[in-house]
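Printed here is coords11.txt (compact mmCIF, C-alpha atoms and all ligand atoms):
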```
# COMPACT_ATOMS: atom_id res chain seq x y z
CA MET A 6 34.43 96.45 -103.82
CA PRO A 7 31.79 96.74 -101.09
CA THR A 8 29.13 94.09 -100.98
CA LYS A 9 25.43 94.72 -100.46
CA ASN A 10 25.59 93.32 -96.95
CA VAL A 11 28.15 95.77 -95.64
CA THR A 12 26.59 97.87 -92.88
CA LYS A 13 27.51 101.50 -93.07
CA THR A 14 29.08 102.91 -89.93
CA ALA A 15 27.02 105.66 -88.40
CA ASN A 16 28.18 109.18 -89.14
CA SER A 17 30.43 109.97 -86.20
CA SER A 18 30.61 113.74 -86.67
CA PRO A 19 28.75 115.59 -83.90
CA PRO A 20 25.33 117.00 -84.80
CA SER A 21 25.32 120.69 -85.51
CA LEU A 22 24.24 122.84 -82.61
CA LEU A 23 23.08 125.52 -85.03
CA SER A 24 20.26 123.60 -86.72
CA THR A 25 17.75 120.85 -85.99
CA GLU A 26 15.52 118.46 -87.90
CA GLY A 27 12.67 120.85 -87.15
CA GLY A 28 12.27 120.70 -83.37
CA LEU A 29 13.26 123.34 -80.83
CA ALA A 30 16.68 122.90 -79.20
CA VAL A 31 18.44 124.88 -76.46
CA THR A 32 22.19 124.37 -75.92
CA PHE A 33 23.97 125.83 -72.91
CA VAL A 34 27.26 127.38 -74.03
CA GLY A 35 27.80 128.03 -70.35
CA THR A 36 25.78 127.77 -67.16
CA GLY A 37 27.73 129.94 -64.72
CA GLY A 38 26.93 133.18 -62.97
CA ALA A 39 28.78 136.46 -63.53
CA PHE A 40 31.88 135.42 -61.56
CA SER A 41 32.00 131.69 -62.27
CA LYS A 42 35.42 130.27 -63.13
CA ARG A 43 34.16 126.77 -63.95
CA PHE A 44 31.00 127.10 -65.99
CA TYR A 45 31.59 129.99 -68.40
CA GLN A 46 28.55 132.26 -68.52
CA THR A 47 24.88 131.53 -68.97
CA ASN A 48 24.48 132.07 -72.70
CA ILE A 49 22.46 129.71 -74.90
CA ILE A 50 22.19 128.70 -78.54
CA VAL A 51 18.56 128.30 -79.60
CA ALA A 52 17.99 126.40 -82.82
CA LYS A 53 14.90 125.36 -84.77
CA GLY A 54 15.17 124.00 -88.29
CA GLU A 55 17.73 126.11 -90.13
CA THR A 56 17.27 129.09 -87.78
CA HIS A 57 19.59 129.73 -84.84
CA LEU A 58 20.41 132.52 -82.43
CA LEU A 59 22.75 133.12 -79.54
CA VAL A 60 21.08 134.55 -76.46
CA ASP A 61 23.70 136.80 -74.83
CA CYS A 62 27.42 136.82 -75.47
CA GLY A 63 29.46 137.21 -72.31
CA THR A 64 33.13 138.02 -71.88
CA ARG A 65 34.13 134.36 -72.08
CA THR A 66 31.60 133.25 -74.69
CA PRO A 67 33.84 133.47 -77.80
CA GLU A 68 36.20 131.03 -76.04
CA ALA A 69 33.32 128.78 -74.90
CA LEU A 70 31.94 128.69 -78.46
CA ASP A 71 35.38 127.84 -79.82
CA LYS A 72 35.44 124.81 -77.49
CA LEU A 73 32.15 123.72 -79.09
CA GLY A 74 33.71 124.12 -82.56
CA ILE A 75 31.75 127.26 -83.43
CA PRO A 76 33.63 130.41 -84.50
CA ILE A 77 31.85 133.55 -83.29
CA THR A 78 31.42 134.63 -86.94
CA ARG A 79 29.18 131.57 -87.55
CA ILE A 80 26.51 133.08 -85.29
CA GLU A 81 23.94 134.69 -87.59
CA ARG A 82 21.73 136.29 -84.99
CA PHE A 83 22.21 137.52 -81.42
CA LEU A 84 19.61 138.37 -78.78
CA ILE A 85 20.75 140.51 -75.86
CA THR A 86 18.91 140.44 -72.54
CA HIS A 87 20.78 143.18 -70.64
CA THR A 88 24.13 144.91 -70.49
CA HIS A 89 26.04 143.16 -67.71
CA ALA A 90 29.44 141.93 -68.96
CA ASP A 91 28.56 138.25 -68.51
CA HIS A 92 25.87 138.89 -71.17
CA ILE A 93 27.55 141.35 -73.56
CA GLY A 94 31.32 141.24 -72.88
CA GLY A 95 31.99 139.11 -75.99
CA LEU A 96 30.10 141.38 -78.39
CA GLU A 97 33.07 143.58 -79.27
CA GLU A 98 34.93 140.52 -80.52
CA ALA A 99 31.86 139.44 -82.50
CA MET A 100 31.53 142.91 -84.07
CA LEU A 101 35.19 143.32 -85.01
CA MET A 102 35.57 139.76 -86.30
CA ASN A 103 32.45 140.14 -88.42
CA ARG A 104 33.41 143.55 -89.85
CA TYR A 105 37.10 142.98 -90.52
CA PHE A 106 37.41 139.23 -91.11
CA ALA A 107 34.03 137.80 -92.15
CA LYS A 108 33.06 141.12 -93.80
CA LYS A 109 29.42 140.89 -92.79
CA LYS A 110 26.91 142.16 -90.29
CA ALA A 111 25.22 139.85 -87.85
CA ARG A 112 21.57 140.27 -86.94
CA ILE A 113 20.64 141.37 -83.44
CA ILE A 114 17.21 141.16 -81.81
CA ILE A 115 16.98 144.17 -79.54
CA THR A 116 14.48 146.83 -78.50
CA ASP A 117 15.34 150.47 -79.22
CA LEU A 118 15.47 151.07 -75.46
CA LEU A 119 18.19 148.48 -74.89
CA ARG A 120 19.99 149.30 -78.15
CA GLY A 121 20.60 152.88 -76.96
CA ILE A 122 22.04 151.68 -73.66
CA LEU A 123 24.11 148.92 -75.26
CA TRP A 124 25.73 151.18 -77.84
CA ASN A 125 26.12 154.45 -75.97
CA GLN A 126 27.09 153.09 -72.58
CA SER A 127 28.93 149.88 -73.45
CA LEU A 128 30.06 149.11 -77.01
CA ARG A 129 30.79 152.49 -78.51
CA GLY A 130 34.14 153.03 -76.80
CA GLY A 131 35.71 149.91 -78.26
CA ALA A 132 34.08 149.90 -81.68
CA SER A 133 33.24 153.39 -82.84
CA TRP A 134 36.68 154.87 -83.61
CA ASN A 135 38.22 151.99 -85.53
CA GLU A 136 37.43 153.86 -88.76
CA VAL A 137 36.44 157.36 -89.77
CA HIS A 138 34.22 158.09 -92.80
CA ASP A 139 33.58 161.72 -93.78
CA GLY A 140 34.70 162.80 -90.35
CA LYS A 141 32.30 160.40 -88.65
CA ALA A 142 33.11 157.40 -86.48
CA LEU A 143 31.25 154.10 -86.90
CA ASN A 144 27.81 153.60 -85.42
CA PHE A 145 25.64 150.67 -84.32
CA ASP A 146 24.22 150.11 -87.82
CA ASP A 147 27.71 149.72 -89.31
CA PHE A 148 28.05 146.51 -87.29
CA TRP A 149 24.54 145.17 -86.83
CA LEU A 150 21.25 144.50 -88.58
CA GLN A 151 18.69 145.29 -85.91
CA GLU A 152 15.51 143.23 -85.61
CA LYS A 153 12.94 144.88 -83.36
CA PRO A 154 10.45 142.92 -81.29
CA LYS A 155 6.90 144.28 -81.56
CA ARG A 156 5.30 145.55 -78.38
CA ILE A 157 2.01 143.90 -77.39
CA ARG A 158 -0.25 146.40 -75.69
CA GLY A 159 -2.78 145.78 -72.99
CA GLY A 160 -1.04 143.14 -70.87
CA ASP A 161 -0.27 143.35 -67.16
CA ARG A 162 3.39 143.62 -67.98
CA GLU A 163 5.50 144.72 -70.90
CA LEU A 164 5.52 142.01 -73.55
CA ALA A 165 6.98 142.07 -77.06
CA THR A 166 7.12 139.36 -79.69
CA ILE A 167 9.20 138.55 -82.72
CA ARG A 168 9.19 135.66 -85.18
CA VAL A 169 12.45 134.49 -86.72
CA GLY A 170 11.98 131.71 -89.26
CA PRO A 171 9.92 129.01 -87.55
CA LEU A 172 10.71 130.31 -84.06
CA GLU A 173 8.32 132.50 -82.06
CA ILE A 174 9.90 134.53 -79.24
CA ALA A 175 8.06 136.52 -76.56
CA LEU A 176 10.16 138.94 -74.49
CA PHE A 177 9.19 140.28 -71.08
CA ARG A 178 10.90 142.72 -68.71
CA THR A 179 12.49 141.34 -65.54
CA MET A 180 13.38 143.01 -62.23
CA HIS A 181 17.11 142.42 -61.97
CA ILE A 182 18.88 145.61 -60.84
CA PRO A 183 19.04 147.53 -58.58
CA ASP A 184 17.93 145.33 -55.68
CA SER A 185 16.11 148.33 -54.22
CA ALA A 186 13.68 148.56 -57.20
CA ALA A 187 10.07 147.93 -56.24
CA GLY A 188 9.24 146.03 -59.46
CA TRP A 189 10.15 145.56 -63.10
CA GLU A 190 8.98 149.06 -64.06
CA ASP A 191 11.60 150.63 -61.77
CA SER A 192 14.35 148.21 -62.79
CA PHE A 193 17.07 148.69 -65.38
CA PRO A 194 15.99 147.26 -68.78
CA SER A 195 16.51 143.50 -68.72
CA TYR A 196 14.55 140.88 -70.65
CA GLY A 197 13.62 137.25 -70.23
CA MET A 198 11.89 135.26 -72.95
CA ILE A 199 9.65 132.40 -73.97
CA PHE A 200 10.34 130.24 -77.03
CA ASP A 201 7.36 128.88 -78.96
CA GLY A 202 5.20 129.40 -75.86
CA ARG A 203 6.85 126.31 -74.34
CA VAL A 204 10.24 127.15 -72.90
CA LEU A 205 10.85 130.06 -70.54
CA PHE A 206 14.35 131.48 -70.09
CA SER A 207 14.46 133.96 -67.21
CA SER A 208 17.85 135.47 -68.02
CA ASP A 209 18.64 137.48 -64.87
CA THR A 210 15.94 138.43 -62.38
CA ARG A 211 15.34 138.75 -58.68
CA PHE A 212 12.68 136.48 -57.20
CA ASP A 213 9.48 137.36 -59.02
CA PRO A 214 6.68 134.82 -58.41
CA GLY A 215 4.18 137.12 -60.15
CA LEU A 216 6.17 136.82 -63.38
CA LEU A 217 6.04 133.03 -63.29
CA GLU A 218 2.31 132.99 -62.52
CA TRP A 219 1.58 135.50 -65.30
CA THR A 220 3.64 133.77 -67.99
CA GLN A 221 2.31 130.31 -67.11
CA GLY A 222 -1.22 131.70 -67.37
CA LEU A 223 -0.50 133.04 -70.86
CA PHE A 224 1.50 130.15 -72.32
CA PRO A 225 1.57 126.34 -71.94
CA ILE A 226 5.11 126.42 -70.52
CA GLU A 227 6.82 123.04 -70.16
CA THR A 228 10.27 124.01 -68.97
CA ILE A 229 11.56 127.03 -67.06
CA PHE A 230 15.29 127.76 -67.18
CA HIS A 231 15.73 130.04 -64.18
CA ASP A 232 18.74 131.86 -62.75
CA VAL A 233 19.65 131.11 -59.16
CA GLN A 234 22.10 132.25 -56.53
CA LEU A 235 23.18 130.16 -53.61
CA PHE A 236 22.87 132.92 -51.01
CA SER A 237 20.09 135.31 -50.04
CA GLY A 238 19.94 138.98 -50.95
CA GLY A 239 21.48 140.38 -54.12
CA VAL A 240 20.11 140.63 -57.63
CA HIS A 241 19.10 137.02 -58.47
CA ALA A 242 16.46 134.71 -57.04
CA SER A 243 17.96 132.61 -54.27
CA LEU A 244 17.53 128.86 -53.95
CA ASP A 245 15.55 129.42 -50.74
CA GLU A 246 13.19 131.86 -52.45
CA LEU A 247 12.64 129.58 -55.46
CA SER A 248 11.89 126.72 -53.05
CA SER A 249 8.74 128.57 -51.97
CA LEU A 250 7.21 128.32 -55.47
CA PRO A 251 4.34 125.88 -56.14
CA VAL A 252 5.36 122.23 -56.56
CA ALA A 253 4.24 122.17 -60.21
CA THR A 254 6.40 125.19 -61.03
CA ARG A 255 9.47 123.75 -59.33
CA ALA A 256 8.98 120.46 -61.15
CA LYS A 257 9.53 122.16 -64.52
CA MET A 258 12.37 124.39 -63.35
CA VAL A 259 15.98 123.83 -64.41
CA LEU A 260 18.40 126.09 -62.52
CA MET A 261 21.15 128.02 -64.31
CA HIS A 262 23.46 131.05 -63.88
CA TYR A 263 24.92 129.51 -60.76
CA GLY A 264 28.14 129.82 -58.78
CA ASP A 265 31.03 127.36 -58.71
CA LYS A 266 29.70 125.61 -55.59
CA MET A 267 26.61 124.35 -57.40
CA PRO A 268 27.88 120.75 -57.92
CA GLU A 269 27.82 120.34 -54.10
CA MET A 270 24.15 121.35 -54.11
CA VAL A 271 22.80 119.01 -56.81
CA ASP A 272 21.27 116.53 -54.37
CA LYS A 273 19.60 119.32 -52.42
CA VAL A 274 18.20 120.79 -55.67
CA GLY A 275 16.60 117.40 -56.42
CA GLU A 276 15.24 117.05 -52.87
CA LEU A 277 13.67 120.50 -53.15
CA GLY A 278 11.64 119.30 -56.13
CA PHE A 279 13.39 121.10 -58.98
CA ALA A 280 13.88 119.37 -62.34
CA GLY A 281 17.64 119.81 -61.97
CA ILE A 282 20.50 122.10 -62.91
CA ALA A 283 21.44 123.10 -66.44
CA GLU A 284 24.51 121.30 -67.78
CA GLN A 285 27.17 123.13 -69.71
CA GLY A 286 27.40 121.96 -73.31
CA LYS A 287 24.12 120.00 -73.08
CA THR A 288 21.37 120.35 -75.68
CA TYR A 289 17.80 120.25 -74.40
CA ARG A 290 15.28 119.24 -77.06
CA PHE A 291 11.56 120.09 -77.11
ZN ZN A 301 24.25 137.47 -65.44
ZN ZN A 302 22.84 140.52 -64.85
```
In structure tokens, write the structure found in this file.
Amino acid sequence: MPTKNVTKTANSSPPSLLSTEGGLAVTFVGTGGAFSKRFYQTNIIVAKGETHLLVDCGTRTPEALDKLGIPITRIERFLITHTHADHIGGLEEAMLMNRYFAKKKARIIITDLLRGILWNQSLRGGASWNEVHDGKALNFDDFWLQEKPKRIRGGDRELATIRVGPLEIALFRTMHIPDSAAGWEDSFPSYGMIFDGRVLFSSDTRFDPGLLEWTQGLFPIETIFHDVQLFSGGVHASLDELSSLPVATRAKMVLMHYGDKMPEMVDKVGELGFAGIAEQGKTYRF
């Protein structure tokens, strides 16, 4: 029989990545760029209280989630930034597992603009013809419950917001592809976001100092998770370009979406005044 003086051992099970005590948490399922073989892909779990969402679901994300002990069917809500495979390649697995095994639809935060591209140009081929009802193949709404961000008019740039549970999300367009586009208006639809006005996640963008100045003027941003590439040219901001940003901006910037050589660059990243590089599997709390 236990005595009163027995000290209970601390609960050794890992804390859930899908909920928090109330604060905002960002967990990196992966931190790699599109062709990384060591760091999965830059997809994050955002949790606040009992609300969670997965931002992007790349080709290797179902496997990366499994390593974290999270079946893809546990994800209640997805947010898709753009339709490159390192951001959407795992969605077919999520859709089919949800429909045929979990027998449910997941929620997806997506604008109508991106929804049309995602379904008609990417997902439809693998998902539409698995069943036929009244002569019709399946459509987007057979798999997903869409949640539409609301467009805010009158800003310098396109901005849309959505609230899910206690979490406020602001989405903005980025200038990712093609590299010949003059600005975000001419670029293929791609979104970055800000959580609770505090944490900016660039998703994929070329170097865009105007974006960082504009968002930091609108919101009291504490941390900027920004994509980086270790060479110049191409469709992401390079380390050299990001190094030209103001000291205060670099000091709150954590670099992500990097190539496999990034570990060799960690010291240089620190010397250049950045806050650091995102770590795979790590949870950042705000
Ligand atoms: Zn990417
Ligand atoms: Zn991309």
- Message: Please list as a PyMOL selection string every residue within 7 Å of range 244-247 of chain A, counting only C-alpha atoms and excluding residues in the same chain fewer than 6 positions away.
- Response: chain A and resi 212+233-235
Output for the residues just chosen: C-alpha atoms as a JSON list (two decimals), in the coordinates of the input:
```
[["chain", "number", "residue", "atom", "x", "y", "z"],
["A", 212, "PHE", "CA", 12.68, 136.48, -57.20],
["A", 233, "VAL", "CA", 19.65, 131.11, -59.16],
["A", 234, "GLN", "CA", 22.10, 132.25, -56.53],
["A", 235, "LEU", "CA", 23.18, 130.16, -53.61]]
```
Within 9 Å of ligand ZN 302 (chain A), which residues of chain A show up? Give each one with its shortest atom-to-atom distance in Å (one decimal) and the two atoms involved, counting only C-alpha atoms and all ligand atoms, rows by chain then rising residue number, as JSON lines.
```
{"residue": "A:Gly38", "atom": "CA", "partner": "A:ZN302", "partner_atom": "ZN", "distance": 8.6}
{"residue": "A:Ala39", "atom": "CA", "partner": "A:ZN302", "partner_atom": "ZN", "distance": 7.3}
{"residue": "A:Thr86", "atom": "CA", "partner": "A:ZN302", "partner_atom": "ZN", "distance": 8.6}
{"residue": "A:His87", "atom": "CA", "partner": "A:ZN302", "partner_atom": "ZN", "distance": 6.7}
{"residue": "A:Thr88", "atom": "CA", "partner": "A:ZN302", "partner_atom": "ZN", "distance": 7.3}
{"residue": "A:His89", "atom": "CA", "partner": "A:ZN302", "partner_atom": "ZN", "distance": 5.0}
{"residue": "A:Ala90", "atom": "CA", "partner": "A:ZN302", "partner_atom": "ZN", "distance": 7.9}
{"residue": "A:Asp91", "atom": "CA", "partner": "A:ZN302", "partner_atom": "ZN", "distance": 7.2}
{"residue": "A:His92", "atom": "CA", "partner": "A:ZN302", "partner_atom": "ZN", "distance": 7.2}
{"residue": "A:His181", "atom": "CA", "partner": "A:ZN302", "partner_atom": "ZN", "distance": 6.7}
{"residue": "A:Ile182", "atom": "CA", "partner": "A:ZN302", "partner_atom": "ZN", "distance": 7.6}
{"residue": "A:Ser195", "atom": "CA", "partner": "A:ZN302", "partner_atom": "ZN", "distance": 8.0}
{"residue": "A:Ser208", "atom": "CA", "partner": "A:ZN302", "partner_atom": "ZN", "distance": 7.8}
{"residue": "A:Asp209", "atom": "CA", "partner": "A:ZN302", "partner_atom": "ZN", "distance": 5.2}
{"residue": "A:Thr210", "atom": "CA", "partner": "A:ZN302", "partner_atom": "ZN", "distance": 7.6}
{"residue": "A:Val240", "atom": "CA", "partner": "A:ZN302", "partner_atom": "ZN", "distance": 7.7}
{"residue": "A:His241", "atom": "CA", "partner": "A:ZN302", "partner_atom": "ZN", "distance": 8.2}
```
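Distances from A:Gly281, A:Pro183, A:Gly215, A:Pro225 to Arg203 in chain A were compared using only C-alpha atoms, and the smallest one belongs to A:Pro225.
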| said: At a cut-off of 7 Å, using only C-alpha atoms, what residues contact Ile80 in chain A? Leave out same-chain residues fewer than 2 positions from it and give the result as number ranges by chain. | reply: A: 58-59, 77-78, 82
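Take CA of Lys153 in chain A and CA of Ala283 in chain A: the distance between them is 28.9 Å.
Residue nearest Gly54 in chain A, chosen from A:Leu172, A:Glu269, A:Arg112, A:Thr166 and counting only C-alpha atoms: A:Leu172.
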Margin query: Is it possible to get the residues within 10 Å of (8.0, 128.8, -89.6) (coordinates as in the file, counting all atoms listed in the file) written as a PyMOL selection string?
Written below: chain A and resi 27+53-54+56+168-173
Separating CA of Gly37 in chain A from CA of Leu150 in chain A, to the nearest tenth of an Å, is a gap of 28.7 Å
Of A:Ala242, A:Ile282, A:Val204, A:Leu216, the one sitting nearest ligand ZN 301 (chain A) when using only C-alpha atoms and all ligand atoms is A:Ala242
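Minimum atom-to-atom distance to Phe200 in chain A, evaluated using all atoms listed in the file, belongs to A:Leu29 out of A:Asp232, A:Asp146, A:Leu29, A:Met267.
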